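Structure file upload-v2.txt with compact mmCIF, C-alpha atoms:
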# COMPACT_ATOMS: atom_id res chain seq x y z
CA MET A 1262 -171.00 207.63 -64.75
CA LYS A 1263 -167.79 206.66 -66.37
CA LEU A 1264 -164.62 208.43 -65.33
CA THR A 1265 -162.44 209.45 -68.24
CA VAL A 1266 -158.79 210.02 -67.58
CA LEU A 1267 -157.01 212.08 -70.16
CA GLN A 1268 -153.40 211.23 -70.11
CA ASN A 1269 -151.09 214.07 -70.99
CA ILE A 1270 -148.53 212.20 -73.05
CA MET A 1271 -146.17 215.12 -73.45
CA ASN A 1272 -145.81 217.96 -70.98
CA ALA A 1273 -145.84 221.54 -72.22
CA ASN A 1274 -142.06 221.76 -72.38
CA ASP A 1275 -141.72 218.57 -74.41
CA GLN A 1276 -144.45 219.72 -76.83
CA ILE A 1277 -142.54 222.92 -77.54
CA ALA A 1278 -139.28 220.95 -77.79
CA ALA A 1279 -140.85 218.70 -80.43
CA ARG A 1280 -141.97 221.79 -82.39
CA ASN A 1281 -138.45 223.25 -82.13
CA GLN A 1282 -136.98 220.04 -83.50
CA ALA A 1283 -139.47 219.96 -86.40
CA LEU A 1284 -138.58 223.57 -87.27
CA LEU A 1285 -134.86 222.78 -87.16
CA GLU A 1286 -135.27 219.74 -89.40
CA LYS A 1287 -137.46 221.60 -91.87
CA ASN A 1288 -134.58 224.09 -92.23
CA GLU A 1289 -131.89 221.38 -92.25
CA VAL A 1290 -130.25 222.73 -89.10
CA LEU A 1291 -128.41 220.36 -86.78
CA ALA A 1292 -128.69 221.70 -83.21
CA ILE A 1293 -126.40 220.50 -80.43
CA ASN A 1294 -127.18 221.10 -76.75
CA ILE A 1295 -123.83 221.66 -74.96
CA MET A 1296 -123.86 221.10 -71.20
CA SER A 1297 -121.29 221.14 -68.38
CA SER A 1298 -120.41 222.54 -64.98
CA PRO A 1299 -119.58 226.24 -64.80
CA GLY A 1300 -116.12 226.88 -66.18
CA ALA A 1301 -115.58 223.54 -67.93
CA GLY A 1302 -114.68 225.39 -71.12
CA LYS A 1303 -117.84 225.27 -73.27
CA THR A 1304 -117.32 228.70 -74.82
CA THR A 1305 -113.60 228.16 -75.43
CA LEU A 1306 -114.33 224.82 -77.14
CA LEU A 1307 -117.00 226.49 -79.29
CA LEU A 1308 -114.68 229.34 -80.29
CA GLU A 1309 -111.99 226.89 -81.41
CA THR A 1310 -114.57 224.68 -83.15
CA ILE A 1311 -115.97 227.68 -85.03
CA ARG A 1312 -112.48 228.74 -86.17
CA ARG A 1313 -111.96 225.28 -87.65
CA LEU A 1314 -115.36 224.84 -89.31
CA LYS A 1315 -116.68 228.28 -90.25
CA ASN A 1316 -115.27 228.26 -93.77
CA LYS A 1317 -117.07 225.00 -94.53
CA THR A 1318 -120.30 225.33 -92.55
CA GLY A 1319 -122.90 227.94 -91.59
CA ILE A 1320 -122.65 228.16 -87.80
CA ALA A 1321 -124.66 230.04 -85.17
CA VAL A 1322 -124.70 229.93 -81.38
CA ILE A 1323 -127.32 230.41 -78.69
CA GLU A 1324 -125.68 231.22 -75.36
CA ALA A 1325 -127.48 230.86 -72.03
CA ASP A 1326 -126.51 232.18 -68.64
CA ILE A 1327 -128.23 233.30 -65.46
CA ALA A 1328 -126.91 236.80 -66.21
CA SER A 1329 -124.41 238.65 -68.45
CA THR A 1330 -123.68 238.61 -72.20
CA ILE A 1331 -119.98 237.71 -71.88
CA ASP A 1332 -120.18 234.49 -73.87
CA ALA A 1333 -122.29 235.77 -76.78
CA ASP A 1334 -119.97 238.79 -77.03
CA LYS A 1335 -116.98 236.46 -77.48
CA ILE A 1336 -118.72 234.51 -80.28
CA ILE A 1337 -119.91 237.63 -82.11
CA LYS A 1338 -116.35 239.02 -81.97
CA GLU A 1339 -115.32 235.98 -84.04
CA GLY A 1340 -117.85 236.96 -86.72
CA THR A 1341 -120.39 234.22 -85.94
CA PRO A 1342 -124.06 235.02 -85.25
CA ALA A 1343 -124.90 234.54 -81.55
CA LEU A 1344 -127.90 235.22 -79.33
CA GLN A 1345 -127.71 235.46 -75.54
CA ILE A 1346 -130.49 234.09 -73.37
CA ASN A 1347 -130.49 235.29 -69.75
CA THR A 1348 -132.51 232.81 -67.73
CA GLY A 1349 -132.74 235.20 -64.78
CA GLY A 1350 -132.03 232.62 -62.11
CA GLN A 1351 -133.39 229.49 -63.79
CA CYS A 1352 -130.76 226.75 -63.76
CA HIS A 1353 -131.38 225.44 -67.30
CA ILE A 1354 -132.71 226.38 -70.72
CA ASP A 1355 -136.29 225.38 -71.44
CA ALA A 1356 -137.87 224.69 -74.81
CA ASN A 1357 -139.77 227.98 -74.89
CA MET A 1358 -136.57 230.02 -74.57
CA ILE A 1359 -135.20 228.17 -77.60
CA SER A 1360 -138.44 228.63 -79.51
CA ASN A 1361 -138.12 232.41 -79.02
CA ALA A 1362 -134.44 232.34 -80.01
CA LEU A 1363 -135.05 230.27 -83.17
CA ALA A 1364 -137.56 232.89 -84.34
CA LYS A 1365 -134.74 235.46 -84.34
CA LEU A 1366 -132.13 233.38 -86.22
CA PRO A 1367 -131.66 233.17 -90.02
CA LEU A 1368 -132.26 229.40 -90.01
CA LYS A 1369 -131.94 229.03 -93.80
CA GLU A 1370 -128.28 230.14 -93.55
CA ILE A 1371 -127.40 227.85 -90.62
CA ASP A 1372 -126.20 224.24 -90.86
CA LEU A 1373 -124.89 223.82 -87.33
CA LEU A 1374 -126.44 225.50 -84.27
CA PHE A 1375 -124.67 225.19 -80.94
CA ILE A 1376 -126.85 225.81 -77.89
CA GLU A 1377 -124.63 226.44 -74.87
CA ASN A 1378 -126.71 225.60 -71.81
CA VAL A 1379 -126.40 227.16 -68.33
CA GLY A 1380 -123.36 225.88 -66.41
CA ASN A 1381 -124.91 223.08 -64.38
CA LEU A 1382 -124.54 219.27 -64.30
CA ILE A 1383 -128.02 218.60 -62.93
CA CYS A 1384 -131.03 220.59 -64.16
CA PRO A 1385 -130.26 220.75 -67.92
CA ALA A 1386 -130.34 216.93 -68.16
CA ASP A 1387 -134.05 217.01 -67.28
CA PHE A 1388 -135.22 219.44 -69.96
CA ARG A 1389 -135.61 218.70 -73.65
CA ILE A 1390 -135.13 221.76 -75.80
CA GLY A 1391 -135.46 220.27 -79.30
CA ALA A 1392 -131.77 219.85 -80.16
CA GLN A 1393 -131.09 216.64 -82.09
CA LYS A 1394 -127.89 215.89 -80.20
CA SER A 1395 -126.55 216.58 -76.72
CA VAL A 1396 -122.93 216.83 -75.64
CA MET A 1397 -121.50 217.24 -72.16
CA LEU A 1398 -118.07 218.53 -71.21
CA LEU A 1399 -116.18 217.40 -68.13
CA SER A 1400 -112.98 219.36 -67.54
CA VAL A 1401 -109.93 217.54 -66.21
CA PRO A 1402 -109.65 219.73 -63.06
CA GLU A 1403 -113.18 218.68 -61.98
CA GLY A 1404 -111.96 215.14 -61.38
CA ASP A 1405 -112.82 211.71 -62.76
CA ASP A 1406 -115.40 210.80 -60.07
CA LYS A 1407 -118.19 212.95 -61.53
CA PRO A 1408 -120.08 210.14 -63.35
CA TYR A 1409 -120.87 208.59 -59.95
CA LYS A 1410 -122.26 211.87 -58.66
CA TYR A 1411 -124.18 213.13 -61.69
CA PRO A 1412 -125.30 209.90 -63.37
CA LEU A 1413 -128.26 211.29 -65.36
CA MET A 1414 -126.08 213.70 -67.33
CA PHE A 1415 -123.54 211.03 -68.18
CA THR A 1416 -126.07 208.38 -69.19
CA THR A 1417 -128.20 210.56 -71.47
CA THR A 1418 -125.75 212.48 -73.67
CA ASP A 1419 -124.62 211.51 -77.17
CA ALA A 1420 -121.03 212.57 -76.57
CA ILE A 1421 -118.80 213.27 -73.60
CA VAL A 1422 -115.89 215.66 -74.11
CA VAL A 1423 -113.12 215.55 -71.51
CA SER A 1424 -111.92 219.15 -71.81
CA LYS A 1425 -108.83 221.03 -70.61
CA THR A 1426 -106.55 218.03 -71.12
CA ASP A 1427 -103.66 220.51 -70.92
CA TYR A 1428 -104.21 220.34 -67.13
CA LEU A 1429 -103.52 216.57 -67.04
CA PRO A 1430 -99.88 216.93 -65.87
CA LEU A 1431 -101.11 218.66 -62.67
CA SER A 1432 -104.10 216.39 -62.09
CA ASP A 1433 -104.71 212.81 -60.95
CA PHE A 1434 -107.52 212.40 -63.51
CA ASN A 1435 -107.27 208.85 -64.88
CA LEU A 1436 -108.40 208.97 -68.53
CA ALA A 1437 -108.37 205.20 -69.09
CA ALA A 1438 -110.45 204.48 -65.97
CA PHE A 1439 -112.84 207.30 -66.86
CA ASN A 1440 -113.38 205.96 -70.39
CA LYS A 1441 -114.12 202.51 -69.02
CA LEU A 1442 -116.56 203.87 -66.44
CA VAL A 1443 -118.59 206.02 -68.82
CA SER A 1444 -118.57 203.37 -71.57
CA GLY A 1445 -120.20 201.08 -69.04
CA MET A 1446 -122.82 203.67 -68.12
CA ASN A 1447 -123.54 204.87 -71.65
CA SER A 1448 -122.22 202.55 -74.34
CA LYS A 1449 -123.52 204.67 -77.24
CA ALA A 1450 -121.73 207.85 -76.14
CA LYS A 1451 -118.73 209.03 -78.13
CA ILE A 1452 -115.86 210.10 -75.87
CA PHE A 1453 -113.39 212.82 -76.87
CA HIS A 1454 -110.30 214.14 -75.04
CA VAL A 1455 -109.72 217.75 -76.01
CA SER A 1456 -107.66 220.81 -75.17
CA ALA A 1457 -109.07 223.81 -77.02
CA LYS A 1458 -106.00 225.73 -75.83
CA THR A 1459 -103.36 223.46 -77.39
CA GLY A 1460 -105.58 221.97 -80.12
CA ASP A 1461 -105.04 218.40 -78.91
CA GLY A 1462 -107.98 216.19 -79.84
CA MET A 1463 -109.79 218.95 -81.77
CA GLU A 1464 -109.59 217.08 -85.06
CA SER A 1465 -111.50 214.01 -83.96
CA TRP A 1466 -114.13 216.24 -82.28
CA THR A 1467 -114.68 218.36 -85.42
CA ALA A 1468 -114.60 215.23 -87.62
CA TRP A 1469 -117.49 213.83 -85.55
CA LEU A 1470 -119.47 217.06 -86.01
CA GLU A 1471 -118.87 216.94 -89.75
CA SER A 1472 -119.99 213.31 -89.90
CA LEU A 1473 -123.24 214.32 -88.18
CA LEU A 1474 -123.78 217.09 -90.70
CA LYS A 1475 -123.29 214.70 -93.60
CA GLY A 1476 -125.65 212.23 -92.00
CA SER A 1477 -128.40 214.78 -91.39
CA MET B 94 -167.89 240.68 -46.91
CA LYS B 95 -164.35 241.56 -46.04
CA LEU B 96 -161.54 239.68 -47.74
CA THR B 97 -158.77 238.58 -45.39
CA VAL B 98 -155.38 237.88 -46.87
CA LEU B 99 -153.14 235.76 -44.73
CA GLN B 100 -149.59 236.49 -45.63
CA ASN B 101 -147.24 233.60 -45.28
CA ILE B 102 -144.19 235.37 -43.88
CA MET B 103 -141.90 232.34 -43.99
CA ASN B 104 -142.28 229.51 -46.42
CA ALA B 105 -142.10 225.93 -45.18
CA ASN B 106 -138.41 225.56 -46.01
CA ASP B 107 -137.45 228.75 -44.18
CA GLN B 108 -139.46 227.70 -41.11
CA ILE B 109 -137.55 224.42 -40.90
CA ALA B 110 -134.27 226.28 -41.54
CA ALA B 111 -134.99 228.58 -38.59
CA ARG B 112 -135.68 225.54 -36.38
CA ASN B 113 -132.40 223.95 -37.56
CA GLN B 114 -130.49 227.10 -36.67
CA ALA B 115 -132.11 227.26 -33.21
CA LEU B 116 -131.15 223.62 -32.59
CA LEU B 117 -127.57 224.25 -33.68
CA GLU B 118 -127.26 227.30 -31.45
CA LYS B 119 -128.78 225.53 -28.46
CA ASN B 120 -126.01 222.92 -28.87
CA GLU B 121 -123.32 225.53 -29.59
CA VAL B 122 -122.62 224.12 -33.03
CA LEU B 123 -121.36 226.44 -35.78
CA ALA B 124 -122.65 225.13 -39.13
CA ILE B 125 -121.13 226.23 -42.42
CA ASN B 126 -122.86 225.68 -45.76
CA ILE B 127 -120.16 224.98 -48.37
CA MET B 128 -121.18 225.58 -51.99
CA SER B 129 -119.44 225.44 -55.39
CA SER B 130 -119.55 224.02 -58.90
CA PRO B 131 -118.94 220.29 -59.27
CA GLY B 132 -115.27 219.50 -58.85
CA ALA B 133 -114.15 222.82 -57.33
CA GLY B 134 -112.50 220.94 -54.46
CA LYS B 135 -114.96 221.16 -51.56
CA THR B 136 -114.19 217.70 -50.18
CA THR B 137 -110.42 218.12 -50.59
CA LEU B 138 -110.56 221.47 -48.77
CA LEU B 139 -112.62 219.88 -45.98
CA LEU B 140 -110.22 216.95 -45.62
CA GLU B 141 -107.23 219.28 -45.27
CA THR B 142 -109.16 221.59 -42.91
CA ILE B 143 -110.14 218.63 -40.72
CA ARG B 144 -106.51 217.44 -40.54
CA ARG B 145 -105.47 220.87 -39.26
CA LEU B 146 -108.31 221.45 -36.77
CA LYS B 147 -109.46 218.05 -35.49
CA ASN B 148 -107.16 218.01 -32.46
CA LYS B 149 -108.58 221.34 -31.27
CA THR B 150 -112.22 221.13 -32.33
CA GLY B 151 -115.09 218.66 -32.54
CA ILE B 152 -115.87 218.42 -36.27
CA ALA B 153 -118.57 216.63 -38.25
CA VAL B 154 -119.60 216.75 -41.91
CA ILE B 155 -122.86 216.37 -43.79
CA GLU B 156 -122.20 215.52 -47.44
CA ALA B 157 -124.81 215.97 -50.16
CA ASP B 158 -124.81 214.61 -53.69
CA ILE B 159 -127.36 213.55 -56.28
CA ALA B 160 -126.03 210.01 -55.88
CA SER B 161 -123.10 208.04 -54.37
CA THR B 162 -121.39 208.07 -50.96
CA ILE B 163 -117.88 208.82 -52.27
CA ASP B 164 -117.41 212.03 -50.31
CA ALA B 165 -118.72 210.82 -46.93
CA ASP B 166 -116.53 207.71 -47.27
CA LYS B 167 -113.45 209.94 -47.64
CA ILE B 168 -114.30 211.95 -44.51
CA ILE B 169 -115.08 208.87 -42.40
CA LYS B 170 -111.75 207.35 -43.49
CA GLU B 171 -110.09 210.33 -41.77
CA GLY B 172 -111.85 209.45 -38.51
CA THR B 173 -114.40 212.28 -38.62
CA PRO B 174 -118.16 211.64 -38.32
CA ALA B 175 -119.92 212.13 -41.65
CA LEU B 176 -123.41 211.60 -42.99
CA GLN B 177 -124.26 211.33 -46.68
CA ILE B 178 -127.47 212.82 -48.06
CA ASN B 179 -128.47 211.65 -51.53
CA THR B 180 -130.86 214.22 -52.96
CA GLY B 181 -131.94 211.84 -55.73
CA GLY B 182 -131.87 214.42 -58.52
CA GLN B 183 -132.64 217.58 -56.55
CA CYS B 184 -130.01 220.22 -57.31
CA HIS B 185 -129.61 221.54 -53.74
CA ILE B 186 -130.01 220.62 -50.08
CA ASP B 187 -133.25 221.76 -48.44
CA ALA B 188 -133.86 222.49 -44.76
CA ASN B 189 -135.79 219.29 -44.18
CA MET B 190 -132.85 217.11 -45.31
CA ILE B 191 -130.66 218.92 -42.78
CA SER B 192 -133.29 218.56 -40.06
CA ASN B 193 -133.24 214.78 -40.59
CA ALA B 194 -129.44 214.70 -40.61
CA LEU B 195 -129.11 216.79 -37.42
CA ALA B 196 -131.31 214.28 -35.59
CA LYS B 197 -128.69 211.60 -36.33
CA LEU B 198 -125.60 213.56 -35.23
CA PRO B 199 -124.11 213.76 -31.69
CA LEU B 200 -124.57 217.55 -31.58
CA LYS B 201 -123.24 217.89 -28.03
CA GLU B 202 -119.82 216.64 -29.22
CA ILE B 203 -119.66 218.91 -32.28
CA ASP B 204 -118.32 222.46 -32.41
CA LEU B 205 -117.98 222.84 -36.15
CA LEU B 206 -120.34 221.23 -38.68
CA PHE B 207 -119.51 221.48 -42.37
CA ILE B 208 -122.44 220.96 -44.72
CA GLU B 209 -121.14 220.25 -48.22
CA ASN B 210 -123.91 221.18 -50.61
CA VAL B 211 -124.61 219.62 -54.04
CA GLY B 212 -122.12 220.80 -56.68
CA ASN B 213 -124.05 223.65 -58.27
CA LEU B 214 -123.58 227.44 -58.47
CA ILE B 215 -127.27 228.23 -58.85
CA CYS B 216 -129.93 226.37 -56.86
CA PRO B 217 -128.18 226.17 -53.44
CA ALA B 218 -128.05 229.98 -53.23
CA ASP B 219 -131.85 230.06 -53.09
CA PHE B 220 -132.38 227.65 -50.18
CA ARG B 221 -131.77 228.41 -46.53
CA ILE B 222 -130.84 225.33 -44.56
CA GLY B 223 -130.17 226.82 -41.10
CA ALA B 224 -126.37 227.09 -41.26
CA GLN B 225 -125.07 230.28 -39.62
CA LYS B 226 -122.45 230.90 -42.28
CA SER B 227 -122.11 230.18 -45.98
CA VAL B 228 -118.93 229.78 -47.99
CA MET B 229 -118.48 229.34 -51.71
CA LEU B 230 -115.48 227.93 -53.54
CA LEU B 231 -114.45 228.99 -57.01
CA SER B 232 -111.60 226.92 -58.41
CA VAL B 233 -108.94 228.61 -60.53
CA PRO B 234 -109.59 226.43 -63.62
CA GLU B 235 -113.24 227.61 -63.71
CA GLY B 236 -112.09 231.12 -64.62
CA ASP B 237 -112.43 234.57 -63.10
CA ASP B 238 -115.57 235.59 -65.02
CA LYS B 239 -117.97 233.54 -62.87
CA PRO B 240 -119.19 236.42 -60.62
CA TYR B 241 -120.81 238.01 -63.70
CA LYS B 242 -122.60 234.80 -64.56
CA TYR B 243 -123.71 233.59 -61.10
CA PRO B 244 -124.21 236.86 -59.22
CA LEU B 245 -126.59 235.57 -56.51
CA MET B 246 -124.06 233.07 -55.16
CA PHE B 247 -121.27 235.64 -55.05
CA THR B 248 -123.34 238.38 -53.42
CA THR B 249 -124.87 236.29 -50.65
CA THR B 250 -122.00 234.26 -49.16
CA ASP B 251 -119.93 235.16 -46.09
CA ALA B 252 -116.67 233.96 -47.61
CA ILE B 253 -115.34 233.19 -51.08
CA VAL B 254 -112.50 230.69 -51.33
CA VAL B 255 -110.52 230.71 -54.58
CA SER B 256 -109.43 227.06 -54.58
CA LYS B 257 -106.83 225.07 -56.56
CA THR B 258 -104.38 228.00 -56.70
CA ASP B 259 -101.75 225.38 -57.63
CA TYR B 260 -103.29 225.58 -61.14
CA LEU B 261 -102.51 229.33 -61.44
CA PRO B 262 -99.34 228.82 -63.53
CA LEU B 263 -101.44 227.14 -66.26
CA SER B 264 -104.38 229.55 -66.05
CA ASP B 265 -105.12 233.16 -67.00
CA PHE B 266 -107.15 233.68 -63.78
CA ASN B 267 -106.40 237.22 -62.56
CA LEU B 268 -106.53 237.11 -58.74
CA ALA B 269 -106.21 240.86 -58.23
CA ALA B 270 -109.00 241.69 -60.69
CA PHE B 271 -111.18 238.94 -59.20
CA ASN B 272 -110.72 240.30 -55.65
CA LYS B 273 -111.66 243.78 -56.80
CA LEU B 274 -114.75 242.54 -58.63
CA VAL B 275 -116.15 240.45 -55.78
CA SER B 276 -115.31 243.07 -53.15
CA GLY B 277 -117.45 245.47 -55.15
CA MET B 278 -120.33 242.97 -55.34
CA ASN B 279 -120.13 241.79 -51.74
CA SER B 280 -118.06 244.06 -49.50
CA LYS B 281 -118.60 241.95 -46.36
CA ALA B 282 -117.29 238.70 -47.87
CA LYS B 283 -113.91 237.41 -46.76
CA ILE B 284 -111.79 236.24 -49.68
CA PHE B 285 -109.25 233.43 -49.36
CA HIS B 286 -106.82 231.99 -51.93
CA VAL B 287 -106.14 228.36 -51.12
CA SER B 288 -104.50 225.23 -52.47
CA ALA B 289 -105.47 222.28 -50.29
CA LYS B 290 -102.90 220.24 -52.24
CA THR B 291 -99.85 222.40 -51.46
CA GLY B 292 -101.20 223.96 -48.24
CA ASP B 293 -100.87 227.52 -49.57
CA GLY B 294 -103.37 229.83 -47.90
CA MET B 295 -104.72 227.13 -45.55
CA GLU B 296 -103.57 228.98 -42.44
CA SER B 297 -105.59 232.13 -43.01
CA TRP B 298 -108.65 230.01 -43.92
CA THR B 299 -108.45 227.90 -40.74
CA ALA B 300 -107.67 231.02 -38.65
CA TRP B 301 -110.93 232.54 -39.90
CA LEU B 302 -112.86 229.39 -38.92
CA GLU B 303 -111.28 229.47 -35.47
CA SER B 304 -112.17 233.14 -35.04
CA LEU B 305 -115.80 232.28 -35.85
CA LEU B 306 -115.77 229.51 -33.25
CA LYS B 307 -114.42 231.86 -30.59
CA GLY B 308 -117.00 234.47 -31.52
CA SER B 309 -119.89 231.99 -31.43

For the structure just supplied, provide its representation as structure tokens.
Amino acid sequence: MKLTVLQNIMNANDQIAARNQALLEKNEVLAINIMSSPGAGKTTLLLETIRRLKNKTGIAVIEADIASTIDADKIIKEGTPALQINTGGQCHIDANMISNALAKLPLKEIDLLFIENVGNLICPADFRIGAQKSVMLLSVPEGDDKPYKYPLMFTTTDAIVVSKTDYLPLSDFNLAAFNKLVSGMNSKAKIFHVSAKTGDGMESWTAWLESLLKGS
Amino acid sequence: MKLTVLQNIMNANDQIAARNQALLEKNEVLAINIMSSPGAGKTTLLLETIRRLKNKTGIAVIEADIASTIDADKIIKEGTPALQINTGGQCHIDANMISNALAKLPLKEIDLLFIENVGNLICPADFRIGAQKSVMLLSVPEGDDKPYKYPLMFTTTDAIVVSKTDYLPLSDFNLAAFNKLVSGMNSKAKIFHVSAKTGDGMESWTAWLESLLKGS
């Protein structure tokens, strides 16, 4: 008797992620998975990004947290459609949560969909959700040694945003050394230095997003 | 036929955690599990705490990260015994990692053992490791809304250290509102406001550690 081994090429999560991506592309939606530690400023960056792009682009946001609706409330207050996912203890978004959220969004009206992941530098890097691009934030107060400690996140994202640059005068974060380190780990990643509070660096960040939209 | 259900009262991790705690107590070691987001200042707080207590107390440190030995190197440089655990992608320490580390430490010479968990506000809250006390840090730049988003961590720790208070002048973190919120969620938790950089608040933090040592 011959033993047949069926290899499962994609796990269940990745299958759903691939379906999510196909649905997004069918509707010409560019989805960006935004990841960082807790408190690195994801929501504040999104709010400022939305203010700068909403007159040109249809934007929506999916917010994810263990608990609470604080972040989605802030986005909705700015007049942008937002859905909150509560993962109930799970440390990352999975593809099925996004599949359920996409079913509730008016995809035909959306060009740019931000998916703000759970605040965590570890678990989200392991789970595809179907977004075409991924971006991680590292805030200046967290320190410039984080690429050594959380290598998977830094080597797999399409862009790295150093956020809260307004804290640089109080910090020993070395921007030049950081750029060199992450360029070595992930040569394709775009690197941005941004303060959503002062507006510094926002233009090159939003210009990159617009270039992606034109390319998609 | 009668069906017998064997209930597994403790899972494997909790069994090993209980053994770790028994070993610590037999050797009169007080172990403290230190948890926070990445970059909240755990290692910096430990370095300053060690400088203030090392002449009075036998101290050792177990450091945990996904990768790298950066943190253990810093502790050893200060003349304090330190072991580095690399979890290799796992987002928290488990009891078995601590069991292996305890076997390598001179427990008879140690009064106070700090266990610096992986930078993460979610997973470490779910895993007992055998430490008698747990402490979480929340750094000022992360923002005062984190108890709503990561309730398990805030409701289960023995002490909450608001770290990096030297960033308060640049932040809208409301210390009074934060204290009120977390006292409501976790009335037994001690709350400290500390800047390891300027030394502000270090005395009440180290006094609390010393009171635990006397009580143990």

Counting all atoms listed in the file, which residues from chain B have an atom at most 10 Å from any atom of chain A, and could you show them as a PyMOL selection string?
-> chain B and resi 129-134+157-164+179+181-185+211-216+219+231-245+257+259-260+263-264

If you measure from atom CA of Gln1282 of chain A to atom CA of Gln1393 of chain A, what distance in Å do you get, rounded to one decimal?
->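 Computing it gives 6.9 Å between the two atoms.
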
Pick out the residues sitting within 10 Å of Glu202 of chain B, and hand them over as a list in words; count only C-alpha atoms, and ignore anything fewer than 3 positions along from it in its own chain.
-> Asn120, Glu121, Val122, Thr150, Gly151, Ile152, Ala153, Leu198, Pro199 and Leu205 of chain B

Thr1304 of chain A surroundings by all atoms listed in the file, 9 Å radius, close-in-sequence under 6 positions cut, as a list in words |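 Counting all atoms listed in the file, the residues come to Glu1324, Asp1332, Ala1333, Lys1335, Ile1336 and Glu1377 of chain A.
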
Just the residues within 10 Å of Leu1307 of chain A, please, counting all atoms listed in the file, with nothing from its chain fewer than 3 positions along; format it as a VMD selection string.
-> chain A and resid 1295 1302 to 1304 1310 to 1313 1322 1336 1375 to 1377 1457

Separation of atom CA of Leu1314 of chain A from atom CA of Lys1449 of chain A, in Å and rounded to one decimal |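 So the answer is 24.9 Å.
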
Step by step: start from the point (-110.1, 217.7, -73.8) in the file's coordinates, keep every protein, DNA or RNA residue that has an atom no farther than 12 Å from it, count all atoms listed in the file, and write the set as a ChimeraX atom specification.
-> /A:1301-1303,1305-1306,1397-1402,1421-1429,1434,1436,1452-1466

Tell me, in Å to one decimal, how far atom CA of Ala1343 of chain A is from atom CA of Ile1323 of chain A.
-> 5.6 Å

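When only C-alpha atoms are used to measure the gap to Pro1385 of chain A, the shortest distance among A:Val1443, A:Met1358, A:Asn1294, A:Leu1344 belongs to A:Asn1294.
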
So which one's closest to Asn1378 of chain A, A:Asn1440, A:Pro1342, A:Ala1283, A:Ile1390? Using all atoms listed in the file, please.
->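 Among A:Asn1440, A:Pro1342, A:Ala1283, A:Ile1390, it is A:Ile1390 that comes nearest to Asn1378 of chain A.
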
With distances taken over only C-alpha atoms, which of A:Ala1392, A:Ile1346, A:Ala1468, A:Ala1386 is nearest to Leu1374 of chain A?
->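 Distance minimum relative to Leu1374 of chain A lands on A:Ala1392.
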
Reconstructed N, CA and C atoms for segment 249-261 of chain B, given as a PDB file, in the coordinates of the input:
ATOM      1  N   THR B 249    -124.189 236.674 -51.885  1.00  0.00           N
ATOM      2  CA  THR B 249    -124.870 236.290 -50.650  1.00  0.00           C
ATOM      3  C   THR B 249    -124.008 235.472 -49.687  1.00  0.00           C
ATOM      4  N   THR B 250    -122.787 235.098 -50.065  1.00  0.00           N
ATOM      5  CA  THR B 250    -122.000 234.260 -49.160  1.00  0.00           C
ATOM      6  C   THR B 250    -121.129 235.097 -48.231  1.00  0.00           C
ATOM      7  N   ASP B 251    -120.779 234.486 -47.086  1.00  0.00           N
ATOM      8  CA  ASP B 251    -119.930 235.160 -46.090  1.00  0.00           C
ATOM      9  C   ASP B 251    -118.463 235.087 -46.452  1.00  0.00           C
ATOM     10  N   ALA B 252    -118.077 234.074 -47.206  1.00  0.00           N
ATOM     11  CA  ALA B 252    -116.670 233.960 -47.610  1.00  0.00           C
ATOM     12  C   ALA B 252    -116.592 233.315 -48.984  1.00  0.00           C
ATOM     13  N   ILE B 253    -115.601 233.741 -49.746  1.00  0.00           N
ATOM     14  CA  ILE B 253    -115.340 233.190 -51.080  1.00  0.00           C
ATOM     15  C   ILE B 253    -113.919 232.640 -51.070  1.00  0.00           C
ATOM     16  N   VAL B 254    -113.812 231.347 -51.316  1.00  0.00           N
ATOM     17  CA  VAL B 254    -112.500 230.690 -51.330  1.00  0.00           C
ATOM     18  C   VAL B 254    -112.119 230.421 -52.790  1.00  0.00           C
ATOM     19  N   VAL B 255    -111.068 231.057 -53.259  1.00  0.00           N
ATOM     20  CA  VAL B 255    -110.520 230.710 -54.580  1.00  0.00           C
ATOM     21  C   VAL B 255    -109.642 229.478 -54.350  1.00  0.00           C
ATOM     22  N   SER B 256    -110.095 228.328 -54.868  1.00  0.00           N
ATOM     23  CA  SER B 256    -109.430 227.060 -54.580  1.00  0.00           C
ATOM     24  C   SER B 256    -108.543 226.630 -55.761  1.00  0.00           C
ATOM     25  N   LYS B 257    -107.725 225.603 -55.523  1.00  0.00           N
ATOM     26  CA  LYS B 257    -106.830 225.070 -56.560  1.00  0.00           C
ATOM     27  C   LYS B 257    -105.885 226.138 -57.106  1.00  0.00           C
ATOM     28  N   THR B 258    -105.316 226.969 -56.218  1.00  0.00           N
ATOM     29  CA  THR B 258    -104.380 228.000 -56.700  1.00  0.00           C
ATOM     30  C   THR B 258    -103.104 227.358 -57.256  1.00  0.00           C
ATOM     31  N   ASP B 259    -102.884 226.067 -56.994  1.00  0.00           N
ATOM     32  CA  ASP B 259    -101.750 225.380 -57.630  1.00  0.00           C
ATOM     33  C   ASP B 259    -101.895 225.316 -59.154  1.00  0.00           C
ATOM     34  N   TYR B 260    -103.113 225.555 -59.683  1.00  0.00           N
ATOM     35  CA  TYR B 260    -103.290 225.580 -61.140  1.00  0.00           C
ATOM     36  C   TYR B 260    -103.002 226.964 -61.746  1.00  0.00           C
ATOM     37  N   LEU B 261    -102.703 227.971 -60.910  1.00  0.00           N
ATOM     38  CA  LEU B 261    -102.510 229.330 -61.440  1.00  0.00           C
ATOM     39  C   LEU B 261    -101.463 229.418 -62.561  1.00  0.00           C
TER      40      LEU B 261
END
